[in-house]
$ cat entry.cif   # mmCIF, C-alpha atoms
data_input
loop_
_atom_site.group_PDB
_atom_site.id
_atom_site.type_symbol
_atom_site.label_atom_id
_atom_site.label_comp_id
_atom_site.auth_asym_id
_atom_site.auth_seq_id
_atom_site.Cartn_x
_atom_site.Cartn_y
_atom_site.Cartn_z
ATOM 1 C CA MET A 1 14.167 16.401 1.082
ATOM 2 C CA ASN A 2 16.111 14.349 -1.461
ATOM 3 C CA GLN A 3 19.879 14.205 -1.385
ATOM 4 C CA GLY A 4 21.568 16.081 -4.229
ATOM 5 C CA ILE A 5 23.798 14.360 -6.771
ATOM 6 C CA LEU A 6 27.540 14.929 -6.844
ATOM 7 C CA PHE A 7 28.792 15.432 -10.421
ATOM 8 C CA VAL A 8 32.555 15.243 -10.901
ATOM 9 C CA VAL A 9 33.675 16.941 -14.117
ATOM 10 C CA SER A 10 37.152 16.712 -15.593
ATOM 11 C CA ALA A 11 38.742 17.764 -18.851
ATOM 12 C CA PRO A 12 42.165 18.662 -20.120
ATOM 13 C CA SER A 13 42.965 22.366 -20.170
ATOM 14 C CA GLY A 14 41.466 24.012 -23.242
ATOM 15 C CA CYS A 15 38.551 21.587 -23.665
ATOM 16 C CA GLY A 16 35.928 24.191 -22.809
ATOM 17 C CA LYS A 17 34.692 22.749 -19.526
ATOM 18 C CA GLY A 18 34.451 26.241 -18.020
ATOM 19 C CA THR A 19 32.314 27.449 -20.920
ATOM 20 C CA ILE A 20 30.021 24.420 -20.724
ATOM 21 C CA LEU A 21 29.674 24.723 -16.954
ATOM 22 C CA SER A 22 28.904 28.449 -17.146
ATOM 23 C CA ARG A 23 25.820 27.507 -19.193
ATOM 24 C CA ILE A 24 24.847 24.638 -16.895
ATOM 25 C CA LEU A 25 25.222 26.715 -13.733
ATOM 26 C CA LYS A 26 22.571 29.181 -14.855
ATOM 27 C CA ASN A 27 20.195 26.597 -13.374
ATOM 28 C CA LYS A 28 19.859 27.305 -9.649
ATOM 29 C CA LYS A 29 19.569 23.636 -8.664
ATOM 30 C CA PHE A 30 23.361 23.396 -8.862
ATOM 31 C CA TYR A 31 26.062 24.416 -6.438
ATOM 32 C CA TYR A 32 29.460 24.898 -8.027
ATOM 33 C CA SER A 33 32.211 23.829 -5.696
ATOM 34 C CA VAL A 34 34.930 26.462 -5.852
ATOM 35 C CA SER A 35 38.254 24.661 -5.704
ATOM 36 C CA ALA A 36 41.252 25.941 -3.822
ATOM 37 C CA THR A 37 44.557 26.415 -5.623
ATOM 38 C CA THR A 38 48.026 27.811 -5.142
ATOM 39 C CA ARG A 39 48.328 28.975 -8.761
ATOM 40 C CA GLN A 40 48.252 32.681 -9.526
ATOM 41 C CA PRO A 41 44.912 34.148 -10.693
ATOM 42 C CA ARG A 42 44.492 34.804 -14.409
ATOM 43 C CA GLU A 43 43.264 38.180 -15.556
ATOM 44 C CA GLY A 44 39.593 38.592 -14.640
ATOM 45 C CA GLU A 45 39.506 35.732 -12.138
ATOM 46 C CA GLU A 46 38.119 36.514 -8.688
ATOM 47 C CA ASN A 47 39.022 34.930 -5.377
ATOM 48 C CA GLY A 48 36.085 32.899 -4.076
ATOM 49 C CA VAL A 49 34.387 32.889 -7.480
ATOM 50 C CA ASN A 50 36.766 31.139 -9.873
ATOM 51 C CA TYR A 51 39.021 29.619 -7.203
ATOM 52 C CA ASN A 52 39.930 30.136 -3.596
ATOM 53 C CA PHE A 53 43.483 31.371 -4.183
ATOM 54 C CA LEU A 54 45.734 30.291 -1.326
ATOM 55 C CA SER A 55 49.425 30.472 -0.584
ATOM 56 C CA LYS A 56 51.306 27.187 -0.456
ATOM 57 C CA PRO A 57 51.632 27.365 3.378
ATOM 58 C CA GLU A 58 47.867 28.056 3.735
ATOM 59 C CA PHE A 59 47.045 25.091 1.490
ATOM 60 C CA GLU A 60 49.426 22.787 3.351
ATOM 61 C CA LYS A 61 47.891 23.837 6.695
ATOM 62 C CA LEU A 62 44.442 22.796 5.397
ATOM 63 C CA ILE A 63 45.902 19.471 4.230
ATOM 64 C CA ALA A 64 47.218 18.884 7.754
ATOM 65 C CA GLU A 65 43.752 19.699 9.171
ATOM 66 C CA ASP A 66 42.124 17.113 6.814
ATOM 67 C CA ALA A 67 39.891 19.839 5.381
ATOM 68 C CA PHE A 68 40.057 18.540 1.799
ATOM 69 C CA LEU A 69 37.906 15.891 0.187
ATOM 70 C CA GLU A 70 40.711 15.576 -2.350
ATOM 71 C CA TYR A 71 43.782 17.459 -3.470
ATOM 72 C CA ALA A 72 46.492 17.024 -6.051
ATOM 73 C CA VAL A 73 49.430 18.728 -7.688
ATOM 74 C CA TYR A 74 48.855 19.807 -11.291
ATOM 75 C CA CYS A 75 51.441 21.736 -13.332
ATOM 76 C CA ASP A 76 53.420 22.503 -10.136
ATOM 77 C CA ASN A 77 50.440 23.919 -8.178
ATOM 78 C CA TYR A 78 48.117 22.468 -5.536
ATOM 79 C CA TYR A 79 44.415 22.123 -6.337
ATOM 80 C CA GLY A 80 41.827 20.794 -3.894
ATOM 81 C CA THR A 81 38.185 20.481 -2.884
ATOM 82 C CA LEU A 82 37.070 21.502 0.589
ATOM 83 C CA LYS A 83 34.746 18.966 2.282
ATOM 84 C CA ALA A 84 32.373 21.179 4.251
ATOM 85 C CA PRO A 85 30.541 23.027 1.436
ATOM 86 C CA ILE A 86 30.020 19.791 -0.537
ATOM 87 C CA THR A 87 28.347 17.986 2.349
ATOM 88 C CA GLU A 88 26.203 21.000 3.233
ATOM 89 C CA HIS A 89 24.784 21.553 -0.259
ATOM 90 C CA LEU A 90 24.178 17.865 -1.019
ATOM 91 C CA SER A 91 22.227 17.489 2.230
ATOM 92 C CA GLN A 92 20.062 20.460 1.173
ATOM 93 C CA GLY A 93 19.081 18.617 -2.015
ATOM 94 C CA GLU A 94 21.250 20.653 -4.367
ATOM 95 C CA HIS A 95 23.331 18.993 -7.062
ATOM 96 C CA VAL A 96 27.009 19.762 -6.611
ATOM 97 C CA ILE A 97 29.436 20.128 -9.495
ATOM 98 C CA LEU A 98 33.122 19.544 -8.836
ATOM 99 C CA GLU A 99 35.362 20.696 -11.669
ATOM 100 C CA ILE A 100 38.594 18.879 -10.938
ATOM 101 C CA GLU A 101 41.500 17.235 -12.719
ATOM 102 C CA VAL A 102 41.757 13.476 -13.159
ATOM 103 C CA GLN A 103 44.013 12.773 -10.148
ATOM 104 C CA GLY A 104 41.447 14.353 -7.848
ATOM 105 C CA ALA A 105 38.563 12.649 -9.636
ATOM 106 C CA MET A 106 40.132 9.242 -9.037
ATOM 107 C CA GLN A 107 40.427 10.095 -5.328
ATOM 108 C CA ILE A 108 36.745 11.127 -5.284
ATOM 109 C CA ARG A 109 35.751 7.869 -7.035
ATOM 110 C CA LYS A 110 37.148 5.921 -4.057
ATOM 111 C CA LEU A 111 35.593 8.212 -1.426
ATOM 112 C CA CYS A 112 32.211 8.891 -3.064
ATOM 113 C CA PRO A 113 31.111 5.836 -5.061
ATOM 114 C CA ASP A 114 27.655 7.352 -5.708
ATOM 115 C CA ALA A 115 29.112 10.386 -7.494
ATOM 116 C CA LYS A 116 28.626 10.654 -11.266
ATOM 117 C CA PHE A 117 31.749 11.241 -13.329
ATOM 118 C CA ILE A 118 31.715 13.254 -16.570
ATOM 119 C CA PHE A 119 34.785 13.631 -18.772
ATOM 120 C CA ILE A 120 34.800 16.427 -21.345
ATOM 121 C CA ALA A 121 37.089 15.638 -24.259
ATOM 122 C CA PRO A 122 38.267 17.675 -27.232
ATOM 123 C CA PRO A 123 37.673 16.548 -30.806
ATOM 124 C CA SER A 124 41.504 16.481 -31.137
ATOM 125 C CA LEU A 125 44.726 17.575 -29.413
ATOM 126 C CA GLU A 126 45.158 20.188 -32.132
ATOM 127 C CA THR A 127 41.857 21.737 -31.020
ATOM 128 C CA ILE A 128 43.277 22.105 -27.496
ATOM 129 C CA ARG A 129 46.404 23.799 -28.850
ATOM 130 C CA GLU A 130 44.294 26.249 -30.876
ATOM 131 C CA ARG A 131 42.028 27.047 -27.909
ATOM 132 C CA LEU A 132 44.971 27.614 -25.557
ATOM 133 C CA LEU A 133 46.701 29.874 -28.090
ATOM 134 C CA HIS A 134 43.463 31.803 -28.593
ATOM 135 C CA ARG A 135 43.020 32.190 -24.820
ATOM 136 C CA GLY A 136 46.335 34.056 -24.762
ATOM 137 C CA THR A 137 46.976 33.508 -21.052
ATOM 138 C CA GLU A 138 50.058 31.269 -21.246
ATOM 139 C CA ASP A 139 53.398 31.258 -23.015
ATOM 140 C CA ALA A 140 54.321 28.632 -25.652
ATOM 141 C CA GLU A 141 56.236 26.477 -23.170
ATOM 142 C CA THR A 142 53.278 26.319 -20.771
ATOM 143 C CA ILE A 143 50.912 25.498 -23.636
ATOM 144 C CA GLU A 144 53.108 22.586 -24.718
ATOM 145 C CA LYS A 145 53.247 21.365 -21.104
ATOM 146 C CA ARG A 146 49.436 21.480 -21.013
ATOM 147 C CA ILE A 147 49.222 19.551 -24.315
ATOM 148 C CA ARG A 148 51.451 16.805 -22.899
ATOM 149 C CA GLN A 149 49.316 16.763 -19.745
ATOM 150 C CA ALA A 150 46.162 16.532 -21.900
ATOM 151 C CA GLU A 151 47.537 13.426 -23.635
ATOM 152 C CA THR A 152 47.986 11.790 -20.238
ATOM 153 C CA GLU A 153 44.541 12.866 -18.993
ATOM 154 C CA LEU A 154 42.770 11.529 -22.081
ATOM 155 C CA ASN A 155 43.930 8.051 -21.028
ATOM 156 C CA PHE A 156 41.635 8.340 -17.983
ATOM 157 C CA LYS A 157 38.373 8.992 -19.837
ATOM 158 C CA ASN A 158 37.361 5.332 -19.598
ATOM 159 C CA GLN A 159 37.374 5.684 -15.796
ATOM 160 C CA TYR A 160 34.392 8.077 -16.050
ATOM 161 C CA ASP A 161 30.677 7.299 -16.353
ATOM 162 C CA TYR A 162 30.163 9.655 -19.306
ATOM 163 C CA CYS A 163 32.326 11.243 -21.998
ATOM 164 C CA ILE A 164 31.125 14.393 -23.755
ATOM 165 C CA ILE A 165 33.040 15.536 -26.836
ATOM 166 C CA ASN A 166 33.100 19.334 -26.952
ATOM 167 C CA ASP A 167 33.209 19.976 -30.676
ATOM 168 C CA ILE A 168 30.025 22.060 -31.015
ATOM 169 C CA LEU A 169 29.347 23.942 -27.779
ATOM 170 C CA GLU A 170 25.531 23.770 -27.902
ATOM 171 C CA ASP A 171 25.644 20.004 -28.453
ATOM 172 C CA ALA A 172 28.037 19.548 -25.525
ATOM 173 C CA VAL A 173 25.793 21.632 -23.235
ATOM 174 C CA SER A 174 22.757 19.623 -24.345
ATOM 175 C CA ASP A 175 24.617 16.363 -23.713
ATOM 176 C CA PHE A 176 25.562 17.530 -20.211
ATOM 177 C CA LYS A 177 21.926 18.410 -19.434
ATOM 178 C CA SER A 178 20.868 14.974 -20.704
ATOM 179 C CA VAL A 179 23.302 13.265 -18.323
ATOM 180 C CA VAL A 180 21.949 15.255 -15.371
ATOM 181 C CA ARG A 181 18.339 14.512 -16.279
ATOM 182 C CA ALA A 182 19.031 10.791 -16.735
ATOM 183 C CA GLU A 183 20.645 10.649 -13.283
ATOM 184 C CA GLU A 184 17.671 12.496 -11.739
ATOM 185 C CA LEU A 185 15.277 9.941 -13.242
ATOM 186 C CA LYS A 186 17.154 6.871 -12.037
ATOM 187 C CA ILE A 187 15.289 4.721 -9.603
ATOM 188 C CA GLN A 188 17.191 4.663 -6.335
ATOM 189 C CA PRO A 189 17.578 1.253 -4.615
#

$ encode --input "entry.cif" --output "structure tokens"
Amino acid sequence: MNQGILFVVSAPSGCGKGTILSRILKNKKFYYSVSATTRQPREGEENGVNYNFLSKPEFEKLIAEDAFLEYAVYCDNYYGTLKAPITEHLSQGEHVILEIEVQGAMQIRKLCPDAKFIFIAPPSLETIRERLLHRGTEDAETIEKRIRQAETELNFKNQYDYCIINDILEDAVSDFKSVVRAEELKIQP
């Protein structure tokens, strides 16, 4: 059985990575790694589906046990990727998608040099603002904090293997599928 490919996907908040990935994950050859976080669930989010929602003490206990492949603080909350499910699914030949922020992605780059890194970018910062306002889940202050964070994150896109601009959703989904297919067809040394 062939080893699966680890795809690390990052994007600033409001870039549509969740929408793109929901289309990609309809294909059963992928395992979506559910990150752990200490942030509060948004309306409609489910524990174990969208995130593993943990208290700060629970998260810090797992850090002490070295249970995370990576973890970081983003907008005052912990986010992290548990090691065990990643290893298990890759060894079963499934592709694994990690949807993580840039700090975590840079940690993964050092630990997993064979992983493929995809950055999803907006056509503009104004597009992010409009999407976050339309989402209606955060107040104006939080949105502005996310815009400032997006500016910082966009500086990291050159650290990724691929950059997909999410202007037209169908094009972005098609581009993502093309990246996956190209990686599947690569000749392994």

$ residues_around --input "entry.cif" --residues "Arg23 in chain A" --least-positions-apart "4" --cutoff "12 Å" --atoms "all atoms listed in the file" --output "list in words"
Gly16, Lys17, Gly18, Thr19, Asn27, Lys28, Phe30, Leu169, Glu170, Asp171, Ala172, Val173, Ser174, Phe176 and Lys177 of chain A

$ atom_distance --input "entry.cif" --atom1 "CA of Gln149 in chain A" --atom2 "CA of Leu82 in chain A"
24.2 Å

$ closest_residue --input "entry.cif" --among "A:Gln40, A:Pro122, A:Ile108, A:Tyr32" --to "Leu69 in chain A" --atoms "only C-alpha atoms"
A:Ile108

$ residues_around --input "entry.cif" --residues "Ile5 in chain A" --least-positions-apart "6" --cutoff "12 Å" --atoms "all atoms listed in the file" --output "PyMOL selection string"
chain A and resi 29-31+86-87+89-98+112-117+179-186+188

$ residues_around --input "entry.cif" --residues "Tyr51 in chain A" --least-positions-apart "3" --cutoff "8 Å" --atoms "all atoms listed in the file" --output "NGL selection string"
:A and (34-37 or 45-48)

$ resolve_selection --input "entry.cif" --expression "the PyMOL selection byres ((chain A and resi 161) around 8)" --output "list of chain:residue names"
A:Lys116, A:Phe117, A:Ile118, A:Phe119, A:Asn158, A:Gln159, A:Tyr160, A:Tyr162, A:Cys163

$ residues_around --input "entry.cif" --residues "Ser10 in chain A" --least-positions-apart "4" --cutoff "6 Å" --atoms "only C-alpha atoms" --output "count of residues only"
4

$ closest_residue --input "entry.cif" --among "A:Leu6, A:Ile147, A:Ala72, A:Leu54" --to "Thr127 in chain A" --atoms "only C-alpha atoms"
A:Ile147

$ residues_near_point --input "entry.cif" --point "(46.2, 25.4, -17.4)" --cutoff "9 Å" --atoms "all atoms listed in the file" --output "NGL selection string"
:A and (12-14 or 74-75 or 132 or 137-138 or 142-143 or 145-146)

$ residues_around --input "entry.cif" --residues "Val73 in chain A" --least-positions-apart "3" --cutoff "10 Å" --atoms "only C-alpha atoms" --output "CSV table (one decimal) with C-alpha atoms, keeping the file's coordinate frame"
chain,number,residue,atom,x,y,z
A,37,THR,CA,44.6,26.4,-5.6
A,38,THR,CA,48.0,27.8,-5.1
A,76,ASP,CA,53.4,22.5,-10.1
A,77,ASN,CA,50.4,23.9,-8.2
A,78,TYR,CA,48.1,22.5,-5.5
A,79,TYR,CA,44.4,22.1,-6.3
A,80,GLY,CA,41.8,20.8,-3.9
A,101,GLU,CA,41.5,17.2,-12.7
A,103,GLN,CA,44.0,12.8,-10.1
A,104,GLY,CA,41.4,14.4,-7.8

$ resolve_selection --input "entry.cif" --expression "the PyMOL selection byres ((chain A and resi 154) around 10)" --output "mmCIF file with C-alpha atoms, in the frame of the given file"
data_model
loop_
_atom_site.group_PDB
_atom_site.id
_atom_site.type_symbol
_atom_site.label_atom_id
_atom_site.label_comp_id
_atom_site.auth_asym_id
_atom_site.auth_seq_id
_atom_site.Cartn_x
_atom_site.Cartn_y
_atom_site.Cartn_z
ATOM 1 C CA ALA A 11 38.742 17.764 -18.851
ATOM 2 C CA PRO A 12 42.165 18.662 -20.120
ATOM 3 C CA VAL A 102 41.757 13.476 -13.159
ATOM 4 C CA PHE A 119 34.785 13.631 -18.772
ATOM 5 C CA ILE A 120 34.800 16.427 -21.345
ATOM 6 C CA ALA A 121 37.089 15.638 -24.259
ATOM 7 C CA PRO A 122 38.267 17.675 -27.232
ATOM 8 C CA LEU A 125 44.726 17.575 -29.413
ATOM 9 C CA GLN A 149 49.316 16.763 -19.745
ATOM 10 C CA ALA A 150 46.162 16.532 -21.900
ATOM 11 C CA GLU A 151 47.537 13.426 -23.635
ATOM 12 C CA THR A 152 47.986 11.790 -20.238
ATOM 13 C CA GLU A 153 44.541 12.866 -18.993
ATOM 14 C CA ASN A 155 43.930 8.051 -21.028
ATOM 15 C CA PHE A 156 41.635 8.340 -17.983
ATOM 16 C CA LYS A 157 38.373 8.992 -19.837
ATOM 17 C CA ASN A 158 37.361 5.332 -19.598
#

$ atom_distance --input "entry.cif" --atom1 "CA of Val8 in chain A" --atom2 "CA of Arg42 in chain A"
23.2 Å

$ axis_aligned_box --input "entry.cif" --around "range 175-188 of chain A" --padding-each-side "5 Å" --output "JSON"
{"center_x": 20.4, "center_y": 11.5, "center_z": -15.0, "size_x": 20.3, "size_y": 23.7, "size_z": 27.4}

$ atom_distance --input "entry.cif" --atom1 "CA of Ile164 in chain A" --atom2 "CA of Gln3 in chain A"
25.0 Å

$ decode --input "entry.cif" --residues "range 127-160 of chain A" --atoms "C-alpha atoms" --output "PDB file, in the first residue's frame"
ATOM      1  CA  THR A 127     -12.575  40.836   0.009  1.00  0.00           C
ATOM      2  CA  ILE A 128     -11.650  39.361   3.406  1.00  0.00           C
ATOM      3  CA  ARG A 129     -13.369  42.237   5.209  1.00  0.00           C
ATOM      4  CA  GLU A 130     -16.537  41.745   3.140  1.00  0.00           C
ATOM      5  CA  ARG A 131     -16.562  37.972   3.725  1.00  0.00           C
ATOM      6  CA  LEU A 132     -16.048  38.349   7.481  1.00  0.00           C
ATOM      7  CA  LEU A 133     -18.818  40.957   7.709  1.00  0.00           C
ATOM      8  CA  HIS A 134     -21.118  38.701   5.688  1.00  0.00           C
ATOM      9  CA  ARG A 135     -20.316  35.731   7.952  1.00  0.00           C
ATOM     10  CA  GLY A 136     -21.725  37.743  10.858  1.00  0.00           C
ATOM     11  CA  THR A 137     -19.955  35.734  13.560  1.00  0.00           C
ATOM     12  CA  GLU A 138     -17.602  38.408  14.925  1.00  0.00           C
ATOM     13  CA  ASP A 139     -17.828  41.992  16.103  1.00  0.00           C
ATOM     14  CA  ALA A 140     -16.108  44.877  14.253  1.00  0.00           C
ATOM     15  CA  GLU A 141     -13.092  44.872  16.571  1.00  0.00           C
ATOM     16  CA  THR A 142     -12.467  41.153  16.020  1.00  0.00           C
ATOM     17  CA  ILE A 143     -12.848  41.576  12.259  1.00  0.00           C
ATOM     18  CA  GLU A 144     -10.235  44.340  12.226  1.00  0.00           C
ATOM     19  CA  LYS A 145      -7.911  42.149  14.317  1.00  0.00           C
ATOM     20  CA  ARG A 146      -8.369  39.368  11.748  1.00  0.00           C
ATOM     21  CA  ILE A 147      -7.633  41.794   8.877  1.00  0.00           C
ATOM     22  CA  ARG A 148      -4.370  42.838  10.544  1.00  0.00           C
ATOM     23  CA  GLN A 149      -3.531  39.163  11.096  1.00  0.00           C
ATOM     24  CA  ALA A 150      -4.319  38.447   7.419  1.00  0.00           C
ATOM     25  CA  GLU A 151      -1.813  41.109   6.331  1.00  0.00           C
ATOM     26  CA  THR A 152       0.862  39.353   8.375  1.00  0.00           C
ATOM     27  CA  GLU A 153      -0.093  35.885   7.097  1.00  0.00           C
ATOM     28  CA  LEU A 154      -0.001  36.966   3.452  1.00  0.00           C
ATOM     29  CA  ASN A 155       3.727  37.618   3.920  1.00  0.00           C
ATOM     30  CA  PHE A 156       4.204  33.853   4.386  1.00  0.00           C
ATOM     31  CA  LYS A 157       2.671  32.713   1.092  1.00  0.00           C
ATOM     32  CA  ASN A 158       6.095  32.415  -0.542  1.00  0.00           C
ATOM     33  CA  GLN A 159       6.984  29.754   2.048  1.00  0.00           C
ATOM     34  CA  TYR A 160       4.353  27.434   0.507  1.00  0.00           C
TER      35      TYR A 160
END
